[in-house]
Structure formats: C-alpha cells, structure tokens
>>> print(open('start_19.txt').read())   # compact mmCIF, C-alpha atoms
# COMPACT_ATOMS: atom_id res chain seq x y z
CA MET Z 1 6.64 94.47 293.48
CA ALA Z 2 8.62 93.57 296.57
CA THR Z 3 11.83 93.48 294.56
CA ASP Z 4 11.33 97.06 293.30
CA GLU Z 5 10.63 98.26 296.84
CA ASN Z 6 13.81 96.61 298.17
CA ALA Z 7 15.86 98.11 295.33
CA ARG Z 8 14.47 101.58 296.04
CA ARG Z 9 15.31 101.27 299.73
CA THR Z 10 18.84 100.08 298.88
CA CYS Z 11 19.42 103.11 296.62
CA GLU Z 12 18.14 105.46 299.29
CA THR Z 13 20.43 104.00 301.95
CA ARG Z 14 23.49 104.22 299.65
CA ARG Z 15 23.30 107.92 298.91
CA ALA Z 16 26.67 109.72 298.74
CA THR Z 17 27.93 113.26 298.14
CA LEU Z 18 30.00 113.68 294.95
CA TRP Z 19 32.58 116.48 294.93
CA THR Z 20 33.31 117.97 291.52
CA ASP Z 21 36.71 119.39 290.57
CA VAL Z 22 36.86 123.20 290.45
CA PRO Z 23 39.45 125.71 289.18
CA PRO Z 24 41.53 127.58 291.77
CA GLY Z 25 40.17 130.73 293.36
CA GLU Z 26 41.43 133.49 295.63
CA LEU Z 27 44.33 132.87 298.05
CA SER Z 28 44.98 134.09 301.58
CA ILE Z 29 48.57 135.44 301.84
CA THR Z 30 50.50 136.41 305.00
CA CYS Z 31 54.12 137.60 305.24
CA ARG Z 32 56.35 137.95 308.30
CA SER Z 33 59.97 138.78 309.11
CA ASN Z 34 61.27 137.08 312.27
CA THR Z 35 64.93 137.32 311.14
CA TYR Z 36 65.14 141.04 310.42
CA PRO Z 37 67.16 142.40 308.64
CA LYS Z 38 68.03 139.15 306.84
CA GLY Z 39 64.74 138.39 305.14
CA PHE Z 40 61.11 137.39 305.41
CA TYR Z 41 58.83 134.52 304.47
CA CYS Z 42 55.31 134.30 303.04
CA THR Z 43 52.70 131.58 303.44
CA TRP Z 44 49.47 131.10 301.51
CA THR Z 45 46.37 128.93 301.49
CA LEU Z 46 43.46 128.47 299.10
CA LEU Z 47 40.19 129.82 300.45
CA HIS Z 48 38.27 127.07 298.62
CA ARG Z 49 39.37 123.49 297.94
CA THR Z 50 39.90 122.38 294.33
CA PHE Z 51 39.95 118.56 294.93
CA ILE Z 52 42.68 118.15 292.28
CA PRO Z 53 46.46 118.76 292.36
CA THR Z 54 47.31 122.46 292.32
CA THR Z 55 50.72 124.12 291.83
CA PHE Z 56 51.78 127.64 292.75
CA GLU Z 57 54.00 130.25 291.09
CA PHE Z 58 55.56 132.80 293.47
CA ASP Z 59 56.90 136.22 292.43
CA VAL Z 60 58.11 139.16 294.57
CA GLN Z 61 58.65 142.67 293.18
CA HIS Z 62 60.51 145.49 294.93
CA ASN Z 63 61.41 148.83 293.39
CA GLN Z 64 60.45 147.54 289.92
CA ARG Z 65 62.70 144.46 290.03
CA SER Z 66 62.14 140.81 290.89
CA LEU Z 67 63.70 139.23 293.98
CA GLU Z 68 65.10 135.73 294.36
CA VAL Z 69 62.67 133.31 295.99
CA GLN Z 70 63.67 130.16 297.91
CA PRO Z 71 60.98 127.54 298.61
CA ASP Z 72 60.76 126.15 302.13
CA PRO Z 73 61.98 122.53 302.23
CA SER Z 74 59.56 121.46 304.97
CA HIS Z 75 56.51 123.63 304.28
CA LYS Z 76 54.79 123.24 300.91
CA ASN Z 77 53.05 126.63 300.86
CA ARG Z 78 55.92 128.79 302.12
CA CYS Z 79 58.77 130.70 300.45
CA HIS Z 80 61.70 132.72 301.82
CA VAL Z 81 62.98 136.02 300.42
CA ARG Z 82 66.04 138.07 301.44
CA PHE Z 83 65.75 141.82 301.99
CA PRO Z 84 67.60 143.66 299.19
CA GLU Z 85 68.08 146.71 301.43
CA VAL Z 86 67.29 147.94 304.95
CA PHE Z 87 64.92 150.82 305.80
CA SER Z 88 63.47 150.81 302.30
CA SER Z 89 60.59 153.17 301.60
CA HIS Z 90 59.43 151.20 298.55
CA PRO Z 91 56.64 148.66 299.12
CA TYR Z 92 56.92 144.96 298.35
CA PHE Z 93 54.46 143.26 295.97
CA VAL Z 94 53.86 139.51 296.30
CA ASN Z 95 52.04 137.76 293.44
CA ILE Z 96 51.04 134.09 293.77
CA THR Z 97 49.35 132.20 290.93
CA ALA Z 98 47.49 128.94 291.61
CA ILE Z 99 47.37 126.59 288.60
CA ASN Z 100 45.55 123.30 288.03
CA ALA Z 101 44.08 121.42 285.08
CA LEU Z 102 40.89 123.53 285.06
CA GLY Z 103 42.44 127.01 285.14
CA LYS Z 104 44.49 129.43 287.17
CA ALA Z 105 43.99 132.42 289.50
CA ALA Z 106 46.43 135.08 290.74
CA THR Z 107 46.38 137.00 294.02
CA THR Z 108 48.53 140.06 294.80
CA TYR Z 109 49.54 141.16 298.30
CA SER Z 110 51.49 144.36 299.07
CA PHE Z 111 53.15 145.54 302.28
CA GLU Z 112 55.85 147.82 303.64
CA GLU Z 113 58.98 146.57 305.32
CA SER Z 114 58.20 147.85 308.82
CA TYR Z 115 54.71 146.29 308.90
CA ILE Z 116 55.81 142.64 308.77
CA VAL Z 117 58.68 142.70 311.31
CA LYS Z 118 57.60 140.43 314.17
CA PRO Z 119 60.23 138.58 316.24
CA ASP Z 120 59.69 135.17 317.78
CA PRO Z 121 58.99 134.92 321.54
CA PRO Z 122 61.91 134.71 323.98
CA VAL Z 123 63.33 131.30 324.89
CA ARG Z 124 64.48 129.68 328.14
CA VAL Z 125 62.09 131.67 330.29
CA VAL Z 126 62.82 130.78 333.91
CA ALA Z 127 61.25 132.10 337.12
CA THR Z 128 63.11 131.33 340.37
CA PRO Z 129 62.62 132.63 343.92
CA VAL Z 130 65.29 134.99 345.25
CA LYS Z 131 67.47 133.53 347.99
CA ASP Z 132 66.68 134.76 351.52
CA ASN Z 133 63.75 136.75 350.15
CA PRO Z 134 60.69 134.60 349.39
CA ARG Z 135 58.63 137.61 348.36
CA ARG Z 136 60.82 138.27 345.37
CA LEU Z 137 60.82 136.37 342.12
CA GLU Z 138 63.61 136.53 339.56
CA VAL Z 139 62.64 136.10 335.90
CA SER Z 140 65.27 135.53 333.21
CA TRP Z 141 65.10 134.73 329.51
CA ASN Z 142 67.16 134.61 326.35
CA SER Z 143 66.56 136.39 323.09
CA PRO Z 144 65.02 134.27 320.32
CA SER Z 145 67.63 132.35 318.37
CA THR Z 146 66.08 133.46 315.07
CA TRP Z 147 66.80 137.15 315.78
CA PRO Z 148 70.25 137.67 314.20
CA ASP Z 149 71.52 140.98 315.62
CA THR Z 150 70.34 142.07 319.06
CA ASN Z 151 72.97 144.83 319.30
CA SER Z 152 71.99 146.77 316.18
CA PHE Z 153 68.30 145.90 316.52
CA PRO Z 154 67.58 145.46 320.25
CA LEU Z 155 64.31 143.90 321.34
CA LYS Z 156 61.89 145.15 323.96
CA TYR Z 157 60.09 142.68 326.21
CA PHE Z 158 56.67 142.86 327.77
CA LEU Z 159 56.16 140.82 330.96
CA ARG Z 160 52.85 139.77 332.50
CA TYR Z 161 51.93 137.32 335.25
CA ARG Z 162 48.77 135.58 336.44
CA PRO Z 163 48.30 134.09 339.90
CA LEU Z 164 46.50 130.76 340.01
CA ILE Z 165 43.50 132.26 341.77
CA ARG Z 166 43.08 134.92 339.08
CA GLU Z 167 41.77 134.63 335.54
CA GLN Z 168 43.22 137.83 334.09
CA TRP Z 169 46.84 138.61 333.32
CA GLN Z 170 48.43 141.43 335.31
CA HIS Z 171 51.50 143.64 335.07
CA PRO Z 172 54.36 143.50 337.59
CA VAL Z 173 54.07 147.24 338.33
CA ASN Z 174 50.90 146.53 340.34
CA MET Z 175 53.00 144.75 343.03
CA LEU Z 176 50.15 142.39 343.86
CA TYR Z 177 50.73 139.63 346.43
CA PHE Z 178 54.08 141.27 347.33
CA PHE Z 179 55.85 139.83 344.29
CA GLN Z 180 58.70 141.88 342.89
CA PHE Z 181 59.86 141.08 339.41
CA TYR Z 182 63.23 141.80 337.91
CA TYR Z 183 63.51 142.10 334.14
CA LYS Z 184 66.87 140.65 333.29
CA GLN Z 185 68.32 139.18 330.14
CA GLU Z 186 71.05 136.63 329.88
CA GLY Z 187 74.02 137.50 332.12
CA GLU Z 188 72.09 139.85 334.45
CA ARG Z 189 71.44 137.15 337.05
CA GLU Z 190 75.16 136.59 337.68
CA ARG Z 191 75.79 140.33 338.05
CA VAL Z 192 73.04 140.67 340.69
CA ARG Z 193 74.40 137.68 342.60
CA ARG Z 194 77.90 139.20 342.63
CA GLU Z 195 76.53 142.51 343.87
CA GLU Z 196 74.68 140.79 346.71
CA GLU Z 197 77.81 138.82 347.65
CA GLY Z 198 79.85 142.04 347.58
CA LYS Z 199 77.32 143.70 349.88
CA GLY Z 200 77.55 140.76 352.28
CA GLU Z 201 81.33 140.93 352.31
CA ARG Z 202 81.20 144.66 353.01
CA GLY Z 203 78.85 143.98 355.94
CA ARG Z 204 81.20 141.41 357.42
CA GLY Z 205 84.11 143.77 356.85
CA VAL Z 206 82.49 146.37 359.09
CA GLU Z 207 82.60 143.88 361.97
CA LYS Z 208 86.26 142.97 361.41
CA ARG Z 209 87.40 146.64 361.10
CA GLY Z 210 90.81 145.58 359.87
CA GLU Z 211 91.49 143.73 356.73
CA GLY Z 212 87.92 144.32 355.71
CA ASP Z 213 88.64 147.98 354.89
CA LYS Z 214 91.26 147.01 352.37
CA GLU Z 215 89.07 144.33 350.85
CA ARG Z 216 86.17 146.76 350.82
CA LYS Z 217 88.22 149.38 349.00
CA GLU Z 218 89.42 146.80 346.51
CA GLY Z 219 85.85 145.63 346.05
CA GLU Z 220 84.70 149.21 345.61
CA ARG Z 221 87.42 149.81 343.05
CA GLU Z 222 86.41 146.65 341.23
CA GLU Z 223 82.80 147.72 341.42
CA GLU Z 224 83.73 151.15 340.08
CA VAL Z 225 85.68 149.57 337.23
CA LYS Z 226 82.76 147.26 336.50
CA GLU Z 227 80.36 150.18 336.75
CA ARG Z 228 82.50 152.22 334.35
CA LYS Z 229 82.63 149.31 331.92
CA LYS Z 230 78.92 148.84 332.31
CA ARG Z 231 78.24 152.54 331.75
CA LYS Z 232 80.57 152.50 328.78
CA GLY Z 233 78.78 149.47 327.34
CA GLU Z 234 75.42 151.04 328.09
CA THR Z 235 76.51 154.31 326.49
CA GLU Z 236 77.70 152.44 323.41
CA LYS Z 237 74.46 150.51 323.38
CA ASP Z 238 72.51 153.74 323.86
CA GLU Z 239 74.49 155.34 321.07
CA ARG Z 240 73.70 152.42 318.80
CA LYS Z 241 70.06 152.66 319.82
CA LYS Z 242 70.14 156.39 319.15
CA GLU Z 243 71.73 155.80 315.76
CA VAL Z 244 69.11 153.20 314.89
CA GLY Z 245 66.36 155.47 316.21
CA GLU Z 246 67.79 158.40 314.27
CA LYS Z 247 67.88 156.28 311.11
CA ILE Z 248 64.29 155.19 311.69
CA ARG Z 249 63.24 158.79 312.39
CA LYS Z 250 65.01 160.06 309.26
CA ARG Z 251 63.49 157.27 307.21
CA ARG Z 252 60.02 158.13 308.51
CA GLU Z 253 60.62 161.83 307.84
CA ARG Z 254 61.84 160.97 304.35
CA GLU Z 255 58.79 158.78 303.77
CA LYS Z 256 56.57 161.58 305.07
CA GLU Z 257 58.26 164.11 302.77
CA GLU Z 258 57.93 161.71 299.85
CA ARG Z 259 54.25 161.23 300.62
CA GLU Z 260 53.76 165.00 300.87
CA THR Z 261 55.65 165.59 297.62
CA GLU Z 262 53.59 162.86 295.99
CA LYS Z 263 50.41 164.50 297.27
CA ARG Z 264 51.62 167.88 295.99
CA LYS Z 265 52.42 166.32 292.64
CA GLN Z 266 48.99 164.75 292.54
CA ARG Z 267 47.38 168.08 293.45
CA ASN Z 268 49.47 169.91 290.83
CA LYS Z 269 48.65 167.23 288.30
CA LYS Z 270 44.96 167.50 289.11
CA GLY Z 271 45.18 171.31 288.91
CA LYS Z 272 46.94 171.13 285.55
CA GLU Z 273 44.40 168.63 284.29
CA ARG Z 274 41.60 170.89 285.51
CA GLU Z 275 43.19 173.91 283.81
CA ARG Z 276 43.73 171.88 280.65
CA SER Z 277 40.13 170.71 280.71
CA LEU Z 278 38.95 174.31 281.24
CA GLU Z 279 41.13 175.51 278.36
CA GLU Z 280 39.83 172.72 276.14
CA LYS Z 281 36.29 173.59 277.17
CA GLU Z 282 36.84 177.29 276.40
CA LEU Z 283 38.43 176.39 273.06
CA LYS Z 284 35.49 174.15 272.21
CA GLU Z 285 33.06 176.90 273.19
CA LYS Z 286 34.93 179.39 271.01
CA LYS Z 287 34.94 176.97 268.09
CA GLU Z 288 31.24 176.33 268.63
CA GLU Z 289 30.51 180.07 268.71
CA LYS Z 290 32.59 180.60 265.57
CA ARG Z 291 30.79 177.76 263.84
CA LYS Z 292 27.44 179.19 264.90
CA ARG Z 293 28.45 182.63 263.64
CA GLU Z 294 29.58 181.13 260.37
CA GLU Z 295 26.35 179.18 260.12
CA LYS Z 296 24.41 182.36 260.88
CA GLY Z 297 26.45 184.25 258.26
CA GLU Z 298 25.88 181.51 255.72
CA LYS Z 299 22.18 181.47 256.53
CA LYS Z 300 22.06 185.24 256.20
CA GLU Z 301 23.88 185.11 252.86
CA ARG Z 302 21.56 182.39 251.63
CA TRP Z 303 18.59 184.42 252.81
CA LYS Z 304 19.93 187.50 251.01
CA MET Z 305 20.47 185.50 247.82
CA LYS Z 306 16.97 184.12 248.08
CA GLU Z 307 15.61 187.63 248.64
CA LYS Z 308 17.49 188.91 245.60
CA GLU Z 309 16.25 186.03 243.49
CA ARG Z 310 12.72 186.59 244.75
CA GLU Z 311 12.92 190.34 243.99
CA LYS Z 312 14.36 189.57 240.56
CA GLU Z 313 11.57 187.11 239.90
CA GLU Z 314 9.00 189.67 241.03
CA ARG Z 315 10.50 192.33 238.74
CA ARG Z 316 10.46 189.90 235.86
CA LYS Z 317 6.84 189.06 236.57
CA ARG Z 318 5.94 192.74 236.78
CA GLN Z 319 7.72 193.41 233.50
CA GLU Z 320 5.87 190.56 231.87
CA GLU Z 321 2.61 191.87 233.28
CA ARG Z 322 3.41 195.35 231.97
CA ARG Z 323 4.33 193.94 228.62
CA SER Z 324 1.15 191.94 228.51
CA GLU Z 325 -0.84 195.03 229.50
CA ASN Z 326 0.97 197.12 226.88
CA GLY Z 327 0.27 194.44 224.27
CA LEU Z 328 -3.45 194.50 225.08
CA LYS Z 329 -3.54 198.26 224.83
CA GLU Z 330 -1.67 198.19 221.54
CA ARG Z 331 -4.08 195.62 220.13
CA GLU Z 332 -7.03 197.67 221.29
CA TRP Z 333 -5.52 200.80 219.75
CA ARG Z 334 -4.89 199.00 216.48
CA GLU Z 335 -8.40 197.63 216.50
CA LYS Z 336 -9.80 201.13 217.09
CA LEU Z 337 -7.56 202.51 214.36
CA MET Z 338 -8.73 199.82 211.95
CA LYS Z 339 -12.31 200.55 212.87
CA LYS Z 340 -11.76 204.27 212.25
CA ARG Z 341 -10.15 203.56 208.89
CA GLU Z 342 -12.96 201.24 207.91
CA LYS Z 343 -15.50 203.84 208.99
CA GLY Z 344 -13.68 206.56 207.02
CA GLU Z 345 -13.58 204.35 203.93
CA ARG Z 346 -17.27 203.57 204.27
CA LYS Z 347 -18.05 207.29 204.56
CA LYS Z 348 -15.87 208.01 201.54
CA LYS Z 349 -17.59 205.33 199.49
CA GLY Z 350 -20.98 206.65 200.59
CA ARG Z 351 -20.08 210.17 199.48
CA GLU Z 352 -18.86 208.86 196.16
CA ARG Z 353 -22.09 206.91 195.65
CA ARG Z 354 -24.15 209.97 196.51
CA LYS Z 355 -22.13 212.06 194.07
CA GLU Z 356 -22.69 209.51 191.33
CA LYS Z 357 -26.40 209.47 192.03
CA LYS Z 358 -26.59 213.25 191.73
CA ARG Z 359 -24.93 213.13 188.38
>>> encode(input="start_19.txt", output="structure tokens")
Amino acid sequence: MATDENARRTCETRRATLWTDVPPGELSITCRSNTYPKGFYCTWTLLHRTFIPTTFEFDVQHNQRSLEVQPDPSHKNRCHVRFPEVFSSHPYFVNITAINALGKAATTYSFEESYIVKPDPPVRVVATPVKDNPRRLEVSWNSPSTWPDTNSFPLKYFLRYRPLIREQWQHPVNMLYFFQFYYKQEGERERVRREEEGKGERGRGVEKRGEGDKERKEGEREEEVKERKKRKGETEKDERKKEVGEKIRKRREREKEERETEKRKQRNKKGKERERSLEEKELKEKKEEKRKREEKGEKKERWKMKEKEREKEERRKRQEERRSENGLKEREWREKLMKKREKGERKKKGRERRKEKKR
C-alpha cells in the first residue's frame, strides 16, 4: 500500500506539458522601403508556433508579372525586392506560403508604393553650444546612409527636445529656457562659422578705417559670389523639388482620374447589368404571359371540344330516347291494329255463324 502511494506521488510531481506539432497558420507580413527608389524589403512571422521545421515560399506580383526576390543573408524571414518603376499607380501583391510536414498556409498582403516609403533616422546627430553665446545650441546631423539620392528625393526633418526637468518632448519654436536651435545639415556649420568670422573682420575693419575697407569690399564680393552660388544651388534644388512635387501631383491626379474612371465604369457596368436584368425580367414576364395565354387558349379549346362532345352525346341520347319512344308507339299501334283485326274477324265469324243458323 505504501509503495502505490509513493508511486502516485512520484507521478504527480513529474507532470509535464507535451506540445504537439501543428500545421502552419496565418502570417504577419510587413513591408518597408528605406532605400527609395531602389527597392523594398518584407519581413514575416508566424502568429502561432508549429514546433517543427517550417519553410517559406515568397512571391511578389506587380502589374500582372512576378518580380525577382532576393533573400536576406542575415535575416531568415526577410526578402528584398527592387522597384520595377517609380511612381507606379499599380499595387504590389506579396504572397507568402508557409510549408511543413503537416500542411501549408498562404497569406497575401497588398500595398501601394507610397505607403511603405519610410527612411531611416538621421545619423551623427550632434548638439554643441555656440561660441560666445551660451544660450544658443547648434544641432547638426547627416542624412541616413541607406537613403540613396537626397537631391532627387530630399528628406524633411522633425526636431524635438526635452529638458531634464521635463517629461514631455517639446518643439524648438517654443523658445523655452532661452535655447535657440538651428536646423542645419552637413556643411551648414562651416558656412555659419565663416559668416560669423566675416562679420568680426568687418567690425575690426571699421576701427582701422584703411585697409579694412578694401578687405571688407573683397569680403562682400566673396559673400555676394557665395550668395549667388547658394541661391543658384537653392534654385536648382527648388526646381528639382518642384519637378518631383509636380511629378507626385500629376501621379496623384492620374491615380484620382483612374479611380474616378474605374468608379464610372463600375457604375456604368452596374447600370448595364441592372438594365439587362430588367430586360430579362420583362422578357420572362412576356414569355410567362404568352404561356398563360396559350394555356388559357388551350383550356378554352379543350373546354369547347368537351362541350361539343357533351352536346353531341346529349343529341345522341335524345335521338335514342325518341327512337325508343317511337318504337313503343309503333308497337302499341300494331298491337291495337292486331286487336282490331282480331275483333273484326271474330265479328265476321259470328255473322257467318248466325247466317248458317238461320238457314
């Protein structure tokens, strides 16, 4: 008895959870383009574990054709795809099939090109105090190395700051705690420093009143040349931005027109289908009415035929009745005639017997 009790306690203390193998289920798919306009990548994960080895088949469709897929060498569940064209209005369809020994399951994910463009954050972000002005802070950064073309596709930056005594992030436009922020990309810091040095030289030139005028004029000319070059570069950059913006605007207008035309086509298609259904309904109703009329006509004809047959049968019966009545009358007449003849013969015989008696 004690042995059974010890065995039962041992089994109870050695309980374990057994996981059974399951076929693959639905996947979670995300796609992103941080190297626009070169390409994009997609990652996926199984929502439920299968506990057995599972492989994946990756397929991307765009404008009714398959695109070349390159697996990521370092990430198992990631693939890279190159954009076949820029500013495309056709959506992309990503289909991933999970396969293991117990079965397979496919998941489809669709998106448009503009919805997955998301650059990486800037790099080399540095904040340094401005010389001779402790209330100013200079912030500089570089564009992300993964972004291939900053001239054709310039990036916009959003800057926030948070003092140590605050918990919420704030914008530089609030000018809290007398901090002034300068938004500069790579190369802007050197230009500001040269401008400040030029201003200092011009201030010292005012005191000297001699050679300073010449140096000031030369500096002004250099500044004008630099300003012209800068304006020229900015105008070219603005023109490129305008061109890109115009392309984006035209693409959006084209997409809008395509959507409107598609809606009109759908409405026209629905209207035609409605008209076709109404015509089919009217045709069916006409056929049904014709069939009913024909059935009524056939019924009427059958009824007329039956009436004729019934009248014919009644006439035949009446004729038979008349004939039978005429036959009875004829028999009665013949019987009366026979009786009269017999009576006449009896009278004749009686007269003859009386005559013989008289003789």
>>> atom_distance(input="start_19.txt", atom1="atom CA of Gly297 of chain Z", atom2="atom CA of Glu314 of chain Z")
25.1 Å
>>> residues_around(input="start_19.txt", residues="Asp120 of chain Z", least_positions_apart="3", cutoff="8 Å", atoms="only C-alpha atoms", output="count of residues only")
4
>>> closest_residue(input="start_19.txt", among="Z:Glu288, Z:Glu313, Z:Glu57, Z:Glu227", to="Arg78 of chain Z", atoms="all atoms listed in the file")
Z:Glu57
>>> closest_residue(input="start_19.txt", among="Z:Val81, Z:Ala106, Z:Val225, Z:Leu67", to="Pro23 of chain Z", atoms="only C-alpha atoms")
Z:Ala106
>>> atom_distance(input="start_19.txt", atom1="atom CA of Phe40 of chain Z", atom2="atom CA of Asn63 of chain Z")
16.6 Å
>>> atom_distance(input="start_19.txt", atom1="atom CA of Lys118 of chain Z", atom2="atom CA of Ile96 of chain Z")
22.3 Å
>>> closest_residue(input="start_19.txt", among="Z:Val139, Z:Ile165, Z:Ala105, Z:Val86", to="Glu26 of chain Z", atoms="all atoms listed in the file")
Z:Ala105
>>> closest_residue(input="start_19.txt", among="Z:Lys358, Z:Lys286, Z:Arg162, Z:Arg252", to="Ser114 of chain Z", atoms="all atoms listed in the file")
Z:Arg252
>>> decode(input="start_19.txt", residues="segment 241-252 of chain Z", atoms="all heavy atoms", output="PDB file, in the first residue's frame")
ATOM      1  N   LYS Z 241      12.972  70.031 -56.556  1.00  0.00           N
ATOM      2  CA  LYS Z 241      11.857  69.742 -55.649  1.00  0.00           C
ATOM      3  C   LYS Z 241      10.523  69.971 -56.345  1.00  0.00           C
ATOM      4  O   LYS Z 241       9.580  69.188 -56.206  1.00  0.00           O
ATOM      5  CB  LYS Z 241      11.948  70.629 -54.405  1.00  0.00           C
ATOM      6  CG  LYS Z 241      13.027  70.213 -53.420  1.00  0.00           C
ATOM      7  CD  LYS Z 241      12.989  71.112 -52.200  1.00  0.00           C
ATOM      8  CE  LYS Z 241      14.057  70.725 -51.190  1.00  0.00           C
ATOM      9  NZ  LYS Z 241      14.042  71.612 -50.015  1.00  0.00           N
ATOM     10  N   LYS Z 242      10.464  71.105 -57.104  1.00  0.00           N
ATOM     11  CA  LYS Z 242       9.222  71.387 -57.819  1.00  0.00           C
ATOM     12  C   LYS Z 242       8.921  70.304 -58.844  1.00  0.00           C
ATOM     13  O   LYS Z 242       7.772  69.896 -59.015  1.00  0.00           O
ATOM     14  CB  LYS Z 242       9.323  72.749 -58.507  1.00  0.00           C
ATOM     15  CG  LYS Z 242       9.230  73.923 -57.549  1.00  0.00           C
ATOM     16  CD  LYS Z 242       9.337  75.232 -58.296  1.00  0.00           C
ATOM     17  CE  LYS Z 242       9.277  76.431 -57.333  1.00  0.00           C
ATOM     18  NZ  LYS Z 242       9.425  77.716 -58.053  1.00  0.00           N
ATOM     19  N   GLU Z 243       9.982  69.863 -59.552  1.00  0.00           N
ATOM     20  CA  GLU Z 243       9.767  68.800 -60.534  1.00  0.00           C
ATOM     21  C   GLU Z 243       9.252  67.530 -59.869  1.00  0.00           C
ATOM     22  O   GLU Z 243       8.303  66.901 -60.342  1.00  0.00           O
ATOM     23  CB  GLU Z 243      11.078  68.510 -61.275  1.00  0.00           C
ATOM     24  CG  GLU Z 243      11.489  69.613 -62.239  1.00  0.00           C
ATOM     25  CD  GLU Z 243      12.821  69.313 -62.897  1.00  0.00           C
ATOM     26  OE1 GLU Z 243      13.404  68.255 -62.578  1.00  0.00           O
ATOM     27  OE2 GLU Z 243      13.279  70.130 -63.720  1.00  0.00           O
ATOM     28  N   VAL Z 244       9.912  67.177 -58.746  1.00  0.00           N
ATOM     29  CA  VAL Z 244       9.462  65.976 -58.027  1.00  0.00           C
ATOM     30  C   VAL Z 244       8.039  66.162 -57.508  1.00  0.00           C
ATOM     31  O   VAL Z 244       7.187  65.273 -57.618  1.00  0.00           O
ATOM     32  CB  VAL Z 244      10.431  65.648 -56.874  1.00  0.00           C
ATOM     33  CG1 VAL Z 244       9.889  64.506 -56.030  1.00  0.00           C
ATOM     34  CG2 VAL Z 244      11.809  65.283 -57.418  1.00  0.00           C
ATOM     35  N   GLY Z 245       7.779  67.368 -56.943  1.00  0.00           N
ATOM     36  CA  GLY Z 245       6.419  67.637 -56.457  1.00  0.00           C
ATOM     37  C   GLY Z 245       5.401  67.618 -57.578  1.00  0.00           C
ATOM     38  O   GLY Z 245       4.281  67.121 -57.414  1.00  0.00           O
ATOM     39  N   GLU Z 246       5.812  68.175 -58.750  1.00  0.00           N
ATOM     40  CA  GLU Z 246       4.902  68.163 -59.899  1.00  0.00           C
ATOM     41  C   GLU Z 246       4.631  66.733 -60.363  1.00  0.00           C
ATOM     42  O   GLU Z 246       3.491  66.376 -60.696  1.00  0.00           O
ATOM     43  CB  GLU Z 246       5.517  68.978 -61.040  1.00  0.00           C
ATOM     44  CG  GLU Z 246       4.582  69.228 -62.201  1.00  0.00           C
ATOM     45  CD  GLU Z 246       3.450  70.155 -61.842  1.00  0.00           C
ATOM     46  OE1 GLU Z 246       3.577  70.906 -60.848  1.00  0.00           O
ATOM     47  OE2 GLU Z 246       2.435  70.131 -62.559  1.00  0.00           O
ATOM     48  N   LYS Z 247       5.692  65.910 -60.362  1.00  0.00           N
ATOM     49  CA  LYS Z 247       5.503  64.504 -60.738  1.00  0.00           C
ATOM     50  C   LYS Z 247       4.558  63.807 -59.767  1.00  0.00           C
ATOM     51  O   LYS Z 247       3.659  63.060 -60.173  1.00  0.00           O
ATOM     52  CB  LYS Z 247       6.848  63.781 -60.764  1.00  0.00           C
ATOM     53  CG  LYS Z 247       7.734  64.161 -61.936  1.00  0.00           C
ATOM     54  CD  LYS Z 247       9.037  63.384 -61.880  1.00  0.00           C
ATOM     55  CE  LYS Z 247       9.957  63.763 -63.042  1.00  0.00           C
ATOM     56  NZ  LYS Z 247      11.252  63.046 -62.981  1.00  0.00           N
ATOM     57  N   ILE Z 248       4.792  64.068 -58.471  1.00  0.00           N
ATOM     58  CA  ILE Z 248       3.926  63.440 -57.463  1.00  0.00           C
ATOM     59  C   ILE Z 248       2.486  63.923 -57.621  1.00  0.00           C
ATOM     60  O   ILE Z 248       1.532  63.137 -57.548  1.00  0.00           O
ATOM     61  CB  ILE Z 248       4.462  63.739 -56.053  1.00  0.00           C
ATOM     62  CG1 ILE Z 248       5.816  63.046 -55.845  1.00  0.00           C
ATOM     63  CG2 ILE Z 248       3.474  63.289 -54.984  1.00  0.00           C
ATOM     64  CD1 ILE Z 248       6.527  63.445 -54.580  1.00  0.00           C
ATOM     65  N   ARG Z 249       2.338  65.257 -57.863  1.00  0.00           N
ATOM     66  CA  ARG Z 249       0.986  65.798 -58.029  1.00  0.00           C
ATOM     67  C   ARG Z 249       0.301  65.198 -59.259  1.00  0.00           C
ATOM     68  O   ARG Z 249      -0.873  64.797 -59.205  1.00  0.00           O
ATOM     69  CB  ARG Z 249       1.057  67.319 -58.166  1.00  0.00           C
ATOM     70  CG  ARG Z 249      -0.302  68.012 -58.199  1.00  0.00           C
ATOM     71  CD  ARG Z 249      -0.136  69.503 -58.364  1.00  0.00           C
ATOM     72  NE  ARG Z 249       0.516  69.836 -59.613  1.00  0.00           N
ATOM     73  CZ  ARG Z 249      -0.110  69.853 -60.797  1.00  0.00           C
ATOM     74  NH1 ARG Z 249      -1.390  69.539 -60.879  1.00  0.00           N
ATOM     75  NH2 ARG Z 249       0.548  70.184 -61.889  1.00  0.00           N
ATOM     76  N   LYS Z 250       1.058  65.125 -60.376  1.00  0.00           N
ATOM     77  CA  LYS Z 250       0.479  64.537 -61.589  1.00  0.00           C
ATOM     78  C   LYS Z 250       0.122  63.071 -61.371  1.00  0.00           C
ATOM     79  O   LYS Z 250      -0.913  62.596 -61.833  1.00  0.00           O
ATOM     80  CB  LYS Z 250       1.462  64.671 -62.750  1.00  0.00           C
ATOM     81  CG  LYS Z 250       1.595  66.092 -63.271  1.00  0.00           C
ATOM     82  CD  LYS Z 250       2.566  66.146 -64.431  1.00  0.00           C
ATOM     83  CE  LYS Z 250       2.691  67.571 -64.973  1.00  0.00           C
ATOM     84  NZ  LYS Z 250       3.659  67.645 -66.094  1.00  0.00           N
ATOM     85  N   ARG Z 251       1.028  62.366 -60.655  1.00  0.00           N
ATOM     86  CA  ARG Z 251       0.735  60.954 -60.392  1.00  0.00           C
ATOM     87  C   ARG Z 251      -0.528  60.808 -59.557  1.00  0.00           C
ATOM     88  O   ARG Z 251      -1.380  59.952 -59.830  1.00  0.00           O
ATOM     89  CB  ARG Z 251       1.920  60.307 -59.667  1.00  0.00           C
ATOM     90  CG  ARG Z 251       1.717  58.844 -59.313  1.00  0.00           C
ATOM     91  CD  ARG Z 251       2.984  58.244 -58.744  1.00  0.00           C
ATOM     92  NE  ARG Z 251       3.372  58.879 -57.510  1.00  0.00           N
ATOM     93  CZ  ARG Z 251       2.887  58.551 -56.318  1.00  0.00           C
ATOM     94  NH1 ARG Z 251       1.994  57.598 -56.207  1.00  0.00           N
ATOM     95  NH2 ARG Z 251       3.302  59.168 -55.226  1.00  0.00           N
ATOM     96  N   ARG Z 252      -0.660  61.675 -58.530  1.00  0.00           N
ATOM     97  CA  ARG Z 252      -1.867  61.604 -57.700  1.00  0.00           C
ATOM     98  C   ARG Z 252      -3.108  61.966 -58.500  1.00  0.00           C
ATOM     99  O   ARG Z 252      -4.168  61.338 -58.343  1.00  0.00           O
ATOM    100  CB  ARG Z 252      -1.715  62.541 -56.504  1.00  0.00           C
ATOM    101  CG  ARG Z 252      -0.707  62.033 -55.470  1.00  0.00           C
ATOM    102  CD  ARG Z 252      -0.523  63.012 -54.343  1.00  0.00           C
ATOM    103  NE  ARG Z 252       0.417  62.505 -53.345  1.00  0.00           N
ATOM    104  CZ  ARG Z 252       0.873  63.220 -52.331  1.00  0.00           C
ATOM    105  NH1 ARG Z 252       0.472  64.480 -52.167  1.00  0.00           N
ATOM    106  NH2 ARG Z 252       1.728  62.685 -51.468  1.00  0.00           N
TER     107      ARG Z 252
END
